[in-house]
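Some notes on the structure that comes next.
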Amino acid sequence: MNLTNKVALITGAGSGIGRQIALTYSESGAAVGVADLNIDTAGQTAKDIIKAGGQAIPLTVDVTDEQQVEQGTQELVNEFGKIDILLSNAGIQHIDPIISLDYSDWRKVVAVHLDGAFLTSRAAMRHMIDLKTGGCILLMGSVHSKLASPLKAPYVSAKHGLLGLCRSIAKEGAEHNIHSNVICPGFVKTPLVEKQIPQQARELNISEEEVVKNIMLKDTVDGEFTTTQDVADTALFLAAFPNKALTGQSIIVSHGWAME
Ligand code: NAD
């Protein structure tokens with residue numbers, strides 16, 4: 001599971017899962033482009049990597065902005081010479097029942113997850129093909145790529161859509177030695193989840209403790225949250241996997257919350 005001499009671009013790497021993947025990839029030898037909407041948090045992750053002896057650059061990238069995605073990817077290639085791994089991870093959540101969901105909120109969530117994954121994958125694939133390096137494209141799905149929960153229609157829809165994008169990349173990328181997979185985590189206690197606990201409690205008229213116990217962790221095999229490190233270890237395994245035997249797949253890492 002060695003990423004020595006590899007160059008990785010990770011979006012949403014200023015916080016939560018993306019940050020942990022950036023640190024883990026760096027510990028395994030990769031140079032990392034730490035991309036985020038929030039340049040302060042991206043800068044902090046990059047600083048922490050460099051302080052620990054790794055190589056990283058912070059990149060200001062809103063994944064829904066075509067120009068910023070192109071520029072950020074080019075900056076990474078200018079700095080480190082290539083891009084071997086993309087982890088399209090940036091994400092947001094929105095809690096609302098369908099009948100009171102604003103169209104603008106629907107579009108915002110779908111744009112970050114699905115448009116963002118398309119724009120970053122396209123930019124990475126172009127460099128991988130031009131430079132004849134091949135590469136690995138990982139998309140951050142969710143257990144909600146496989147099943148639905150109430151109040152999360154745009155998130156569930158976008159996360160399902162990532163399976164289609166991944167399979168398309170796997171088919172079109174194969175001749176260029178590009179493989180693609182989706183990681184599907186269960187609930188991980190990051191700011192994205194912390195925020196939805198009180199929101200769900202309000203919408204469902206139950207306590208915050210009940211949201212955690214009866215919704216988030218009820219179906220796990222051990223009553224545990226998935227950790228950022230659980231997800232980072234899965235991302236490392238997939239990035240280090242040497243060939244296209246594993247492509248077009250989706251792997252659930254959820255302490256058994258979802259099984260298939
Ligand atoms: P987080 O809120 O801790 O981090 C998300 C990061 O994405 C933030 O740094 C934020 O600034 C960045 N971001 C948001 N919009 C962006 C944009 N337009 N362009 C660039 N960056 C942007 O959340 P997290 O829990 O670490 O989530 C990371 C990914 O993991 C998301 O795709 C999320 O859907 C997925 N996921 C999370 C969980 C969970 O339980 N936390 C479960 C399954 C999947």
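Ordering of the structure tokens sets the chain letters (A, B, ...), residue numbers begin anew at 1 in every chain, and ligands are numbered from 1 in the order given.
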
Per-residue nearest contacts chain A to ligand 1, cut-off 6 Å, using only C-alpha atoms and all ligand atoms, as CSV:
residue,atom,partner,partner_atom_place_in_ligand_line,distance
A:Thr11,CA,ligand 1,21 (N),5.8
A:Gly12,CA,ligand 1,7 (O),3.5
A:Ala13,CA,ligand 1,9 (O),5.7
A:Gly14,CA,ligand 1,9 (O),4.3
A:Ser15,CA,ligand 1,9 (O),4.1
A:Gly16,CA,ligand 1,26 (O),3.5
A:Ile17,CA,ligand 1,26 (O),3.8
A:Gly18,CA,ligand 1,26 (O),5.6
A:Asp36,CA,ligand 1,21 (N),4.0
A:Leu37,CA,ligand 1,20 (C),4.0
A:Asn38,CA,ligand 1,11 (O),5.0
A:Val61,CA,ligand 1,20 (C),5.4
A:Asp62,CA,ligand 1,19 (N),3.5
A:Val63,CA,ligand 1,19 (N),4.0
A:Thr64,CA,ligand 1,18 (N),5.4
A:Asn89,CA,ligand 1,32 (O),4.5
A:Ala90,CA,ligand 1,7 (O),3.8
A:Gly91,CA,ligand 1,32 (O),3.7
A:Ile92,CA,ligand 1,14 (C),5.5
A:Val112,CA,ligand 1,18 (N),5.1
A:Met140,CA,ligand 1,32 (O),5.2
A:Gly141,CA,ligand 1,44 (C),5.6
A:Ser142,CA,ligand 1,43 (C),4.0
A:Pro185,CA,ligand 1,43 (C),4.3
A:Gly186,CA,ligand 1,42 (C),5.0
A:Phe187,CA,ligand 1,40 (O),3.4
A:Val188,CA,ligand 1,40 (O),3.6
A:Lys189,CA,ligand 1,41 (N),5.6
A:Thr190,CA,ligand 1,25 (O),4.7
A:Pro191,CA,ligand 1,3 (O),4.6
A:Leu192,CA,ligand 1,2 (O),4.0
A:Val193,CA,ligand 1,41 (N),5.1

Could you give me, as JSON lines, a per-residue list for region 23-123 of chain A showing, wherever an atom lies at most 9 Å from an atom of region 198-217 of chain A, the closest pair of atoms and their distance in Å to one decimal, using only C-alpha atoms and sorting by chain then residue number from low to high?
{"residue": "A:Ile95", "atom": "CA", "partner": "A:Gln199", "partner_atom": "CA", "distance": 6.9}
{"residue": "A:Asp96", "atom": "CA", "partner": "A:Glu203", "partner_atom": "CA", "distance": 7.9}
{"residue": "A:Pro97", "atom": "CA", "partner": "A:Glu203", "partner_atom": "CA", "distance": 8.6}

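On the backbone of this structure, DSSP gives strand (DSSP E) within region 107-256 of chain A to Gly135, Cys136, Ile137, Leu138, Leu139, Met140, Ile178, His179, Ser180, Asn181, Val182, Ile183, Cys184, Pro185, Gln249, Ser250, Ile251, Ile252 and Val253 of chain A.
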
Any chance you could export the current selection's C-alpha atoms as a JSON list (two decimals), in the first residue's frame?
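Once everything was written out, this is selection-v4.json:
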[["chain", "number", "residue", "atom", "x", "y", "z"],
["A", 135, "GLY", "CA", -4.32, 6.75, -13.07],
["A", 136, "CYS", "CA", -6.94, 6.15, -10.45],
["A", 137, "ILE", "CA", -10.15, 8.12, -10.06],
["A", 138, "LEU", "CA", -12.01, 7.65, -6.79],
["A", 139, "LEU", "CA", -15.41, 9.19, -6.16],
["A", 140, "MET", "CA", -16.71, 9.69, -2.62],
["A", 178, "ILE", "CA", -7.36, 4.67, -15.88],
["A", 179, "HIS", "CA", -9.48, 2.87, -13.33],
["A", 180, "SER", "CA", -12.30, 4.26, -11.22],
["A", 181, "ASN", "CA", -14.15, 3.20, -8.10],
["A", 182, "VAL", "CA", -16.62, 4.62, -5.59],
["A", 183, "ILE", "CA", -16.16, 4.60, -1.81],
["A", 184, "CYS", "CA", -19.43, 4.38, 0.12],
["A", 185, "PRO", "CA", -19.03, 5.32, 3.81],
["A", 249, "GLN", "CA", -16.93, -0.92, -8.40],
["A", 250, "SER", "CA", -18.31, 0.57, -5.23],
["A", 251, "ILE", "CA", -17.14, -0.43, -1.77],
["A", 252, "ILE", "CA", -19.25, 0.12, 1.35],
["A", 253, "VAL", "CA", -17.35, 0.97, 4.54]]

Q: Do a neighbour search on Gly53 (chain A) at 10 Å with only C-alpha atoms, toss out local chain neighbours closer than 4 positions, and write the hits as a ChimeraX atom specification.
A: /A:26-27,47-49

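When only C-alpha atoms are used to measure the gap to Asp115 (chain A), the shortest distance among A:Lys146, A:Lys195, A:Lys159, A:His176 belongs to A:Lys159.
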
**Q.** Polymer residues at most 10 Å from region 32-35 of chain A, only C-alpha atoms, same-chain spacing of 5 or more positions, as a ChimeraX atom specification
**A.** /A:6-14,18-19,21-23,25-26,41-46,49,54-63,69,72-73,75-77,79-80,83,85-86,88-90

Same residues, N, CA and C atoms, saved as a tab-separated table (two decimals), in the first residue's frame:
chain	number	residue	atom	x	y	z
A	6	LYS	N	3.75	9.01	-6.27
A	6	LYS	CA	2.42	9.30	-6.82
A	6	LYS	C	2.01	10.72	-6.45
A	7	VAL	N	1.17	11.30	-7.31
A	7	VAL	CA	0.64	12.65	-7.06
A	7	VAL	C	-0.88	12.55	-6.99
A	8	ALA	N	-1.44	13.06	-5.91
A	8	ALA	CA	-2.89	12.95	-5.70
A	8	ALA	C	-3.54	14.31	-5.56
A	9	LEU	N	-4.71	14.44	-6.16
A	9	LEU	CA	-5.54	15.63	-5.96
A	9	LEU	C	-6.75	15.20	-5.13
A	10	ILE	N	-6.97	15.88	-4.00
A	10	ILE	CA	-8.10	15.53	-3.13
A	10	ILE	C	-8.95	16.78	-2.93
A	11	THR	N	-10.23	16.70	-3.28
A	11	THR	CA	-11.10	17.88	-3.09
A	11	THR	C	-11.80	17.77	-1.74
A	12	GLY	N	-12.15	18.92	-1.19
A	12	GLY	CA	-12.77	18.93	0.14
A	12	GLY	C	-11.79	18.44	1.18
A	13	ALA	N	-10.50	18.70	0.96
A	13	ALA	CA	-9.46	18.12	1.82
A	13	ALA	C	-9.11	19.01	3.01
A	14	GLY	N	-9.89	20.07	3.21
A	14	GLY	CA	-9.64	20.94	4.36
A	14	GLY	C	-10.31	20.43	5.63
A	18	GLY	N	-11.85	14.09	3.78
A	18	GLY	CA	-10.85	14.50	2.79
A	18	GLY	C	-9.51	14.82	3.44
A	19	ARG	N	-9.57	15.50	4.58
A	19	ARG	CA	-8.33	15.84	5.30
A	19	ARG	C	-7.60	14.55	5.73
A	21	ILE	N	-7.80	11.60	4.43
A	21	ILE	CA	-7.24	10.91	3.25
A	21	ILE	C	-5.95	11.61	2.81
A	22	ALA	N	-5.95	12.95	2.84
A	22	ALA	CA	-4.74	13.70	2.45
A	22	ALA	C	-3.57	13.31	3.35
A	23	LEU	N	-3.81	13.25	4.67
A	23	LEU	CA	-2.74	12.90	5.61
A	23	LEU	C	-2.26	11.47	5.38
A	25	TYR	N	-2.56	9.58	2.59
A	25	TYR	CA	-1.85	9.45	1.31
A	25	TYR	C	-0.42	9.98	1.45
A	26	SER	N	-0.29	11.10	2.16
A	26	SER	CA	1.05	11.66	2.33
A	26	SER	C	1.93	10.71	3.13
A	41	THR	N	-8.62	26.27	5.57
A	41	THR	CA	-8.53	24.88	6.04
A	41	THR	C	-7.65	24.05	5.11
A	42	ALA	N	-7.71	24.34	3.80
A	42	ALA	CA	-6.82	23.64	2.86
A	42	ALA	C	-5.37	23.95	3.21
A	43	GLY	N	-5.11	25.23	3.53
A	43	GLY	CA	-3.76	25.65	3.89
A	43	GLY	C	-3.28	24.92	5.14
A	44	GLN	N	-4.19	24.75	6.11
A	44	GLN	CA	-3.82	24.08	7.36
A	44	GLN	C	-3.46	22.61	7.10
A	45	THR	N	-4.28	21.93	6.29
A	45	THR	CA	-3.98	20.52	5.98
A	45	THR	C	-2.62	20.43	5.28
A	46	ALA	N	-2.39	21.31	4.30
A	46	ALA	CA	-1.11	21.28	3.57
A	46	ALA	C	0.06	21.54	4.53
A	49	ILE	N	0.85	18.52	6.61
A	49	ILE	CA	1.56	17.50	5.81
A	49	ILE	C	3.04	17.85	5.69
A	54	GLY	N	6.06	15.66	4.58
A	54	GLY	CA	5.49	15.31	3.26
A	54	GLY	C	5.49	16.48	2.29
A	55	GLN	N	4.91	16.24	1.12
A	55	GLN	CA	4.82	17.27	0.08
A	55	GLN	C	3.36	17.58	-0.19
A	56	ALA	N	3.02	18.88	-0.18
A	56	ALA	CA	1.62	19.25	-0.43
A	56	ALA	C	1.54	20.69	-0.90
A	57	ILE	N	0.50	20.99	-1.70
A	57	ILE	CA	0.17	22.40	-1.96
A	57	ILE	C	-1.32	22.60	-1.74
A	58	PRO	N	-1.67	23.74	-1.14
A	58	PRO	CA	-3.09	24.06	-0.99
A	58	PRO	C	-3.60	24.65	-2.29
A	59	LEU	N	-4.83	24.31	-2.67
A	59	LEU	CA	-5.43	24.82	-3.90
A	59	LEU	C	-6.84	25.33	-3.61
A	60	THR	N	-7.12	26.56	-4.05
A	60	THR	CA	-8.49	27.07	-3.89
A	60	THR	C	-9.32	26.56	-5.06
A	61	VAL	N	-10.22	25.65	-4.77
A	61	VAL	CA	-11.05	25.09	-5.85
A	61	VAL	C	-12.49	24.93	-5.36
A	62	ASP	N	-13.39	25.66	-6.02
A	62	ASP	CA	-14.81	25.36	-5.88
A	62	ASP	C	-15.11	24.34	-6.97
A	63	VAL	N	-15.48	23.13	-6.58
A	63	VAL	CA	-15.61	22.05	-7.57
A	63	VAL	C	-16.75	22.27	-8.56
A	69	VAL	N	-11.60	24.51	-11.34
A	69	VAL	CA	-11.19	23.10	-11.38
A	69	VAL	C	-10.03	22.92	-12.37
A	72	GLY	N	-6.87	24.71	-10.86
A	72	GLY	CA	-6.31	24.00	-9.70
A	72	GLY	C	-5.59	22.74	-10.13
A	73	THR	N	-6.18	22.01	-11.08
A	73	THR	CA	-5.56	20.76	-11.54
A	73	THR	C	-4.25	21.08	-12.27
A	75	GLU	N	-2.37	23.67	-11.79
A	75	GLU	CA	-1.39	24.11	-10.77
A	75	GLU	C	-0.68	22.91	-10.14
A	76	LEU	N	-1.47	21.88	-9.85
A	76	LEU	CA	-0.90	20.67	-9.24
A	76	LEU	C	0.09	20.02	-10.21
A	77	VAL	N	-0.31	19.93	-11.48
A	77	VAL	CA	0.57	19.30	-12.49
A	77	VAL	C	1.83	20.14	-12.69
A	79	GLU	N	3.26	21.91	-10.44
A	79	GLU	CA	4.09	21.77	-9.23
A	79	GLU	C	4.78	20.40	-9.17
A	80	PHE	N	4.01	19.33	-9.44
A	80	PHE	CA	4.55	17.98	-9.22
A	80	PHE	C	4.71	17.15	-10.51
A	83	ILE	N	-0.55	13.95	-12.48
A	83	ILE	CA	-1.59	13.59	-11.49
A	83	ILE	C	-1.91	12.11	-11.68
A	85	ILE	N	-3.69	10.27	-9.06
A	85	ILE	CA	-4.87	9.89	-8.29
A	85	ILE	C	-5.77	11.12	-8.11
A	86	LEU	N	-7.04	10.96	-8.42
A	86	LEU	CA	-8.02	12.00	-8.04
A	86	LEU	C	-8.95	11.41	-7.00
A	88	SER	N	-12.34	12.66	-5.67
A	88	SER	CA	-13.41	13.65	-5.71
A	88	SER	C	-14.25	13.47	-4.46
A	89	ASN	N	-14.02	14.34	-3.48
A	89	ASN	CA	-14.57	14.10	-2.14
A	89	ASN	C	-15.44	15.24	-1.62
A	90	ALA	N	-15.28	16.45	-2.17
A	90	ALA	CA	-15.99	17.62	-1.62
A	90	ALA	C	-17.49	17.33	-1.57

Q: Mind the document's chain letters and residue numbers, and return as a PyMOL selection string the residues of region 91-200 of chain A that DSSP labels helix (DSSP H, G or I).
A: chain A and resi 98-100+103-130+143-145+153-176+191-200

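Atom pair CA of Glu260 (chain A) / CA of Thr220 (chain A) has a distance of 13.6 Å (rounded to one decimal).
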
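Nearest to Ala111 (chain A) of all the residues A:Ala158, A:Leu238, A:Ala30, A:Met1 is A:Ala158, based on only C-alpha atoms.
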
Q. If we count only C-alpha atoms, what is near region 98-110 of chain A at a cut-off of 6 Å, once residues fewer than 3 positions away on the same chain are taken out, given as a list in words?
A. His113, Leu114, Pro154 and Ala158 of chain A
